[in-house]
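Down below is the structure, laid out as structure tokens.
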Amino acid sequence: MDQRRLILFLVFSFALVMLWDGWIKHNQPPAAAQQQAAAGAPATADGAVPTPTLNAAAGQPVVPAEQAAAAAGVPRVVVETDLLRAEVSAQGGDIVRLELKQHKASGEAAGNFVLFDDGTTRHQYAAQSGLIGEGLPTHKTVFALPASEMRLKDGEDAVELRLQAPEQNGVQVTKVMRFARGSYLVDIAYEIRNGGAQALAPHAYFQLTRDGNPAEQVEAFGVTTFTGPAFYTDANKFQKVQFADITDGDAKFPKTANDGWVAMVQHYFVGAWLPEQGVQREYFARALGNNLFSAGVILPVAAIEPGAAATVGTRLYAGPQEQDKLEGIAPGLDLVVDYGWLTVIAAPLFWVLSWFHNLTGNWGWAIILVTVALKAIFFPLSAASYKSMAKMRVLGPRLQRMKELYGNDKARMQQEMMTLYRTEKINPLGGCLPILVQIPVFIALYWVLLGSVEMRHAPWLGWIQDLSAKDPYFILPIIMGASMLIQMKLNPTPPDPIQAKVMMAMPIVFTFMFLWFPSGLVLYWVVNNILSIAQQWQITRMIESAKSAGKPA
């Protein structure tokens with residue numbers, strides 16, 4: 001029976017080793033990015049114009065040569081609000097760089113976090129759009145830009161950027177981008193005025209073009225946080241698409257629908273095109289070569305007669321995966337938060353954490369209160385386990401005597417131990433139950449800390465200024481190791497010397513692994529250990545006192 005308990009401890013140790021390995025990989029530069037850097041200059045995010053299949057005759061996928069322009073040296077205009085700093089290129093009116101002013105860069109990088117990136121920071125990632133039709137502007141067309149930067153002024157609710165495309169065959173197109181105060185949503189539309197002699201039946205496309213490198217190398221149990229396109233419709237629900245499947249032509253996602261959205265998901269942040277519900281649309285995902293991929297949506301435009309005008313557009317969300325806001329922006333958008341395979345536990349765990357955070361205003365104290373709440377919920381289970389362990393501790397001398405009598409007869413030793421356990425009503429595996437209960441919660445909290453942008457750079461107190469990062473001075477891991485050693489001292493010593501040595505080595509091994517774990521996770525474990533020590537000490541004292549008085553335990 002003691003061997004079974006040892007096996008459970010080893011299983012938990014293996015789980016910790018895997019988490020530790022994943023956390024170490026988180027701090028390593030991604031190999032793909034290094035390879036691309038070694039290969040030479042980054043690829044441009046031009047891509048080809050998508051071809052609609054809803055009405056193939058209406059689309060002209062070939063871009064006129066005079067509209068194409070090299071990305072290098074193209075003018076840009078800066079649009080700045082209270083939350084965003086966007087750089088819009090004259091080529092296509094693409095958002096080629098987007099800084100999130102409320103979120104700082106990680107590691108040694110200084111300044112704001114960069115979501116859309118022109119390759120100068122880390123990635124090639126842009127929000128592109130255009131029209132499909134003969135002579136209509138695409139994301140390769142050079143638009144006329146305003147002469148100066150545009151900033152949201154005090155008292156203004158929004159700032160509007162208007163880009164004029166060259167007139168073709170009497171058709172005038174203006175791309176309008178509206179950035180609102182306090183919002184990561186950007187309204188993007190095309191105003192089309194047909195001054196030609198023939199009717200137009202164009203399409204509009206909106207796509208996110210990104211390289212295939214992960215945003216951050218976060219791994220747990222061999223599963224990395226997802227980076228890539230995602231699609232959502234009422235019929236098909238949420239579907240993630242791997243870059244490799246796009247390359248192989250095996251990507252599965254809804255091709256046509258009258259609802260839903262398309263996104264490019266990465267760790268903590270997301271870009272998503274959110275067309276109006278009830279409008280027929282076509283989704284696509286393509287490999288552009290040189291490690292570039294596009295995912296987007298094509299919207300039809302009603303026929304525009306000569307002398308008439310029309311407007312087509314959609315919303316772009318580009319910002320953090322703030323779970324309390326995403327669902328209100330679009331149905332199912334909150335599903336982009338990646339909690340791995342323990343979402344069923346992690347999602348309600350985050351909800352409880354958020355509730356405590358609203359009470360305390362601090363995620364560290366919220367973690368502590370969640371730990372106390374979980375300990376209270378499982379109090380009967382842990383009390384029964386600690387009671388069983390306390391009884392085994394009292395029986396220590398009798399077990400040692402059995403070892404002396406039957407040490408050379410393993411079968412007889414096991415038989416006598418089982419008889420003693422039945423007589424004293426002891427479950428020899430009872431001490432492992434608290435650990436088994438904690439394993440899924442422990443891993444789920446790991447995913448919450450790594451997958452929730454709310455935890456990113458969230459301080460607790462003193463030296464802990466980022467609960468999603470390791471303790472910079474390793475104070476919490478050392479406290480955790482000391483508390484685990486105290487717990488081991490309260491447990492009955494296994495009769496097998498090898499098992500006893502393994503158990504005593506556990507605090508050292510765990511302390512070493514916890515050095516690189518998120519400080520919020522270590523905080524949870526420290527508080528849990530302290531509460532367990534108090535509960536176990538009290539139960540052990542009661543059992544030993546009752547035994548000394550000759551009373552039944």
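Ordering of the structure tokens sets the chain letters (A, B, ...); residue numbers start at 1 within each chain; ligands are numbered from 1 in the order shown.
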Considering only C-alpha atoms, return as a CSV table (one decimal) with C-alpha atoms, in the first residue's frame whatever protein or nucleic-acid residues lie within 7 Å of A:Tyr317, sequence-local ones (same chain, fewer than 2 positions apart) excluded.
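Below is the file that was written, part29.csv:
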chain,number,residue,atom,x,y,z
A,184,TYR,CA,-10.0,48.4,-29.3
A,185,LEU,CA,-12.6,48.3,-32.1
A,186,VAL,CA,-11.9,50.1,-35.4
A,271,GLY,CA,-7.1,40.4,-34.0
A,272,ALA,CA,-10.6,39.7,-35.4
A,273,TRP,CA,-12.8,40.9,-38.3
A,315,ARG,CA,-15.4,46.2,-37.5
A,319,GLY,CA,-6.5,44.1,-28.5
Could you name the residues that touch stretch 288-300 of chain A at 7 Å or less, counting only C-alpha atoms, but leaving out those on the same chain fewer than 2 positions away, as a PyMOL selection string? chain A and resi 43+47+52+202-212+229+262+280-286+302
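Of the listed residues A:Trp351, A:Tyr339, A:Phe512, A:Phe379, the one whose atoms come nearest to A:Gln536 is A:Phe379, with distances taken using only C-alpha atoms.
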Residues near A:Ile329, cut-off 10 Å, only C-alpha atoms, skip fewer than 3 positions along chain, as a ChimeraX atom specification: /A:185,274,317,324-326,332-334
From atom CA of A:Asn112 to atom CA of A:Thr314 the spacing works out at 26.5 Å
Need the shell around A:Asp82: protein/DNA/RNA residues with any atom at most 9 Å away, counting only C-alpha atoms. Skip same-chain ones fewer than 6 positions apart. Format as a ChimeraX atom specification? /A:101-102,151-152,180-183
Long-range neighbours of stretch 442-456 of chain A as a short mmCIF file (atom, residue, chain, number, x, y, z; two decimals) with C-alpha atoms, in the first residue's frame, 8 Å cut-off, only C-alpha atoms, 6 positions minimum in chain:
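The file below, result-v7.cif, is the result:
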data_model
loop_
_atom_site.label_atom_id
_atom_site.label_comp_id
_atom_site.auth_asym_id
_atom_site.auth_seq_id
_atom_site.Cartn_x
_atom_site.Cartn_y
_atom_site.Cartn_z
CA VAL A 218 4.51 28.84 -23.81
CA THR A 225 -0.73 28.00 -26.42
CA HIS A 267 -1.05 34.38 -26.60
CA TYR A 268 -2.97 37.04 -24.61
CA PHE A 269 -4.09 39.05 -27.69
CA PRO A 320 -6.19 41.98 -25.38
CA GLN A 321 -8.28 38.90 -24.66
CA GLU A 322 -10.18 40.54 -21.81
CA VAL A 337 -8.88 32.57 -24.64
CA ASP A 338 -6.82 29.37 -24.66
CA TYR A 339 -6.95 27.34 -21.43
CA GLY A 340 -5.75 24.12 -23.01
CA LEU A 342 -8.54 21.77 -18.74
CA THR A 343 -10.85 24.56 -19.85
CA ILE A 345 -11.93 23.66 -14.72
CA ALA A 346 -9.92 26.73 -15.73
CA ALA A 347 -12.88 28.79 -17.01
CA LEU A 349 -11.71 29.05 -11.78
CA PHE A 350 -10.99 32.30 -13.60
CA TRP A 363 -5.02 39.40 -8.30
CA ASP A 466 4.08 40.05 -12.20
CA LEU A 467 2.05 37.05 -11.04
CA SER A 468 2.45 35.39 -14.45
CA PRO A 518 4.69 31.69 -12.26
CA GLY A 520 0.96 33.32 -8.74
CA LEU A 521 1.05 29.52 -8.97
#
Residue among A:Ser519, A:Asn213, A:Gln415, A:Thr81 lying closest to A:Ala158, counting only C-alpha atoms: A:Thr81
Can you pull out every residue from stretch 156-364 of chain A that DSSP, working from the backbone, puts in strand (DSSP E or B), and format the result as a ChimeraX atom specification? /A:158-164,168,171-180,185-194,200,203-211,219-220,223-224,228-233,237-240,256-257,261-265,269-274,281-289,292-300,304,309-320
Write down as a PyMOL selection string the residues of stretch 288-429 of chain A whose backbone DSSP state falls under helix (DSSP H, G or I). chain A and resi 323-329+333-336+340-360+363-377+379-394+396-406+410-424
Write the residues of the preceding selection, restricted to C-alpha atoms, as a PDB file, in the first residue's frame.
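So selection-v4.pdb came out as:
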ATOM      1  CA  GLN A 323     -12.797  37.935 -21.025  1.00  0.00           C
ATOM      2  CA  ASP A 324     -15.335  40.237 -19.399  1.00  0.00           C
ATOM      3  CA  LYS A 325     -15.519  42.324 -22.597  1.00  0.00           C
ATOM      4  CA  LEU A 326     -15.021  39.917 -25.496  1.00  0.00           C
ATOM      5  CA  GLU A 327     -18.401  38.190 -25.221  1.00  0.00           C
ATOM      6  CA  GLY A 328     -20.178  41.550 -25.332  1.00  0.00           C
ATOM      7  CA  ILE A 329     -18.338  42.517 -28.524  1.00  0.00           C
ATOM      8  CA  LEU A 333     -15.388  35.896 -29.147  1.00  0.00           C
ATOM      9  CA  ASP A 334     -14.485  35.006 -25.554  1.00  0.00           C
ATOM     10  CA  LEU A 335     -13.615  31.496 -26.788  1.00  0.00           C
ATOM     11  CA  VAL A 336     -10.306  32.779 -28.179  1.00  0.00           C
ATOM     12  CA  GLY A 340      -5.750  24.116 -23.013  1.00  0.00           C
ATOM     13  CA  TRP A 341      -7.370  20.777 -22.236  1.00  0.00           C
ATOM     14  CA  LEU A 342      -8.535  21.772 -18.737  1.00  0.00           C
ATOM     15  CA  THR A 343     -10.854  24.565 -19.846  1.00  0.00           C
ATOM     16  CA  VAL A 344     -13.753  22.912 -18.002  1.00  0.00           C
ATOM     17  CA  ILE A 345     -11.932  23.664 -14.722  1.00  0.00           C
ATOM     18  CA  ALA A 346      -9.921  26.728 -15.728  1.00  0.00           C
ATOM     19  CA  ALA A 347     -12.878  28.786 -17.007  1.00  0.00           C
ATOM     20  CA  PRO A 348     -14.932  28.668 -13.759  1.00  0.00           C
ATOM     21  CA  LEU A 349     -11.706  29.050 -11.778  1.00  0.00           C
ATOM     22  CA  PHE A 350     -10.986  32.304 -13.603  1.00  0.00           C
ATOM     23  CA  TRP A 351     -14.566  33.460 -12.983  1.00  0.00           C
ATOM     24  CA  VAL A 352     -14.121  32.922  -9.237  1.00  0.00           C
ATOM     25  CA  LEU A 353     -10.734  34.656  -9.354  1.00  0.00           C
ATOM     26  CA  SER A 354     -12.322  37.622 -11.126  1.00  0.00           C
ATOM     27  CA  TRP A 355     -15.042  37.812  -8.487  1.00  0.00           C
ATOM     28  CA  PHE A 356     -12.478  37.944  -5.691  1.00  0.00           C
ATOM     29  CA  HIS A 357     -10.432  40.442  -7.710  1.00  0.00           C
ATOM     30  CA  ASN A 358     -13.454  42.748  -7.851  1.00  0.00           C
ATOM     31  CA  LEU A 359     -13.579  42.573  -4.036  1.00  0.00           C
ATOM     32  CA  THR A 360      -9.882  43.104  -3.355  1.00  0.00           C
ATOM     33  CA  TRP A 363      -5.023  39.400  -8.296  1.00  0.00           C
ATOM     34  CA  GLY A 364      -2.590  38.142  -5.662  1.00  0.00           C
ATOM     35  CA  TRP A 365      -5.114  38.451  -2.869  1.00  0.00           C
ATOM     36  CA  ALA A 366      -7.698  36.923  -5.205  1.00  0.00           C
ATOM     37  CA  ILE A 367      -5.469  33.843  -5.601  1.00  0.00           C
ATOM     38  CA  ILE A 368      -5.148  33.584  -1.830  1.00  0.00           C
ATOM     39  CA  LEU A 369      -8.917  33.799  -1.327  1.00  0.00           C
ATOM     40  CA  VAL A 370      -9.523  31.200  -4.042  1.00  0.00           C
ATOM     41  CA  THR A 371      -7.065  28.885  -2.292  1.00  0.00           C
ATOM     42  CA  VAL A 372      -8.916  29.345   1.008  1.00  0.00           C
ATOM     43  CA  ALA A 373     -12.244  28.728  -0.734  1.00  0.00           C
ATOM     44  CA  LEU A 374     -10.975  25.531  -2.384  1.00  0.00           C
ATOM     45  CA  LYS A 375      -9.578  24.349   0.922  1.00  0.00           C
ATOM     46  CA  ALA A 376     -12.955  24.931   2.551  1.00  0.00           C
ATOM     47  CA  ILE A 377     -14.789  23.052  -0.211  1.00  0.00           C
ATOM     48  CA  PHE A 379     -12.284  20.257   3.909  1.00  0.00           C
ATOM     49  CA  PRO A 380     -14.211  17.004   4.614  1.00  0.00           C
ATOM     50  CA  LEU A 381     -12.064  15.069   2.139  1.00  0.00           C
ATOM     51  CA  SER A 382      -8.774  16.425   3.412  1.00  0.00           C
ATOM     52  CA  ALA A 383      -9.875  16.024   7.045  1.00  0.00           C
ATOM     53  CA  ALA A 384     -10.583  12.336   6.476  1.00  0.00           C
ATOM     54  CA  SER A 385      -7.219  11.964   4.748  1.00  0.00           C
ATOM     55  CA  TYR A 386      -5.280  13.722   7.491  1.00  0.00           C
ATOM     56  CA  LYS A 387      -7.103  11.673  10.101  1.00  0.00           C
ATOM     57  CA  SER A 388      -6.013   8.500   8.338  1.00  0.00           C
ATOM     58  CA  MET A 389      -2.444   9.766   8.155  1.00  0.00           C
ATOM     59  CA  ALA A 390      -2.476  10.754  11.833  1.00  0.00           C
ATOM     60  CA  LYS A 391      -3.622   7.261  12.796  1.00  0.00           C
ATOM     61  CA  MET A 392      -0.829   5.767  10.701  1.00  0.00           C
ATOM     62  CA  ARG A 393       1.628   8.038  12.489  1.00  0.00           C
ATOM     63  CA  VAL A 394       0.390   6.746  15.856  1.00  0.00           C
ATOM     64  CA  GLY A 396       4.378   3.888  13.554  1.00  0.00           C
ATOM     65  CA  PRO A 397       5.989   1.849  16.375  1.00  0.00           C
ATOM     66  CA  ARG A 398       3.746  -1.160  15.646  1.00  0.00           C
ATOM     67  CA  LEU A 399       4.570  -1.000  11.943  1.00  0.00           C
ATOM     68  CA  GLN A 400       8.256  -0.848  12.783  1.00  0.00           C
ATOM     69  CA  ARG A 401       7.842  -3.900  14.992  1.00  0.00           C
ATOM     70  CA  MET A 402       6.179  -5.772  12.111  1.00  0.00           C
ATOM     71  CA  LYS A 403       9.095  -4.905   9.892  1.00  0.00           C
ATOM     72  CA  GLU A 404      11.502  -6.405  12.412  1.00  0.00           C
ATOM     73  CA  LEU A 405       9.417  -9.570  12.705  1.00  0.00           C
ATOM     74  CA  TYR A 406       8.491 -10.098   9.054  1.00  0.00           C
ATOM     75  CA  LYS A 410       7.105  -9.576   2.185  1.00  0.00           C
ATOM     76  CA  ALA A 411       3.837 -11.471   1.717  1.00  0.00           C
ATOM     77  CA  ARG A 412       3.408 -11.956   5.469  1.00  0.00           C
ATOM     78  CA  MET A 413       4.348  -8.330   6.066  1.00  0.00           C
ATOM     79  CA  GLN A 414       1.674  -7.102   3.679  1.00  0.00           C
ATOM     80  CA  GLN A 415      -0.904  -9.432   5.204  1.00  0.00           C
ATOM     81  CA  GLU A 416      -0.220  -8.252   8.742  1.00  0.00           C
ATOM     82  CA  MET A 417      -0.294  -4.604   7.668  1.00  0.00           C
ATOM     83  CA  MET A 418      -3.663  -5.055   5.935  1.00  0.00           C
ATOM     84  CA  THR A 419      -5.044  -6.734   9.049  1.00  0.00           C
ATOM     85  CA  LEU A 420      -3.821  -3.846  11.177  1.00  0.00           C
ATOM     86  CA  TYR A 421      -5.325  -1.274   8.788  1.00  0.00           C
ATOM     87  CA  ARG A 422      -8.706  -3.038   8.880  1.00  0.00           C
ATOM     88  CA  THR A 423      -8.655  -3.284  12.648  1.00  0.00           C
ATOM     89  CA  GLU A 424      -7.810   0.382  13.099  1.00  0.00           C
TER      90      GLU A 424
END
Skipping near chain neighbours, those fewer than 2 positions away, what residues fall within 9 Å of A:Ile530 using only C-alpha atoms, listed as a list in words? Met480, Ser483, Met484, Gln487, Trp525, Val526, Val527, Asn528, Ser532, Ile533, Ala534 and Gln535 of chain A
Among listed residues A:Phe243, A:Phe474, A:Phe116, A:Phe510, nearest A:Thr227 (using only C-alpha atoms): A:Phe243
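Checking A:Val159, A:Thr141, A:Gly133, A:Val509 one by one against A:Leu200, counting only C-alpha atoms, you find the shortest gap at A:Gly133.
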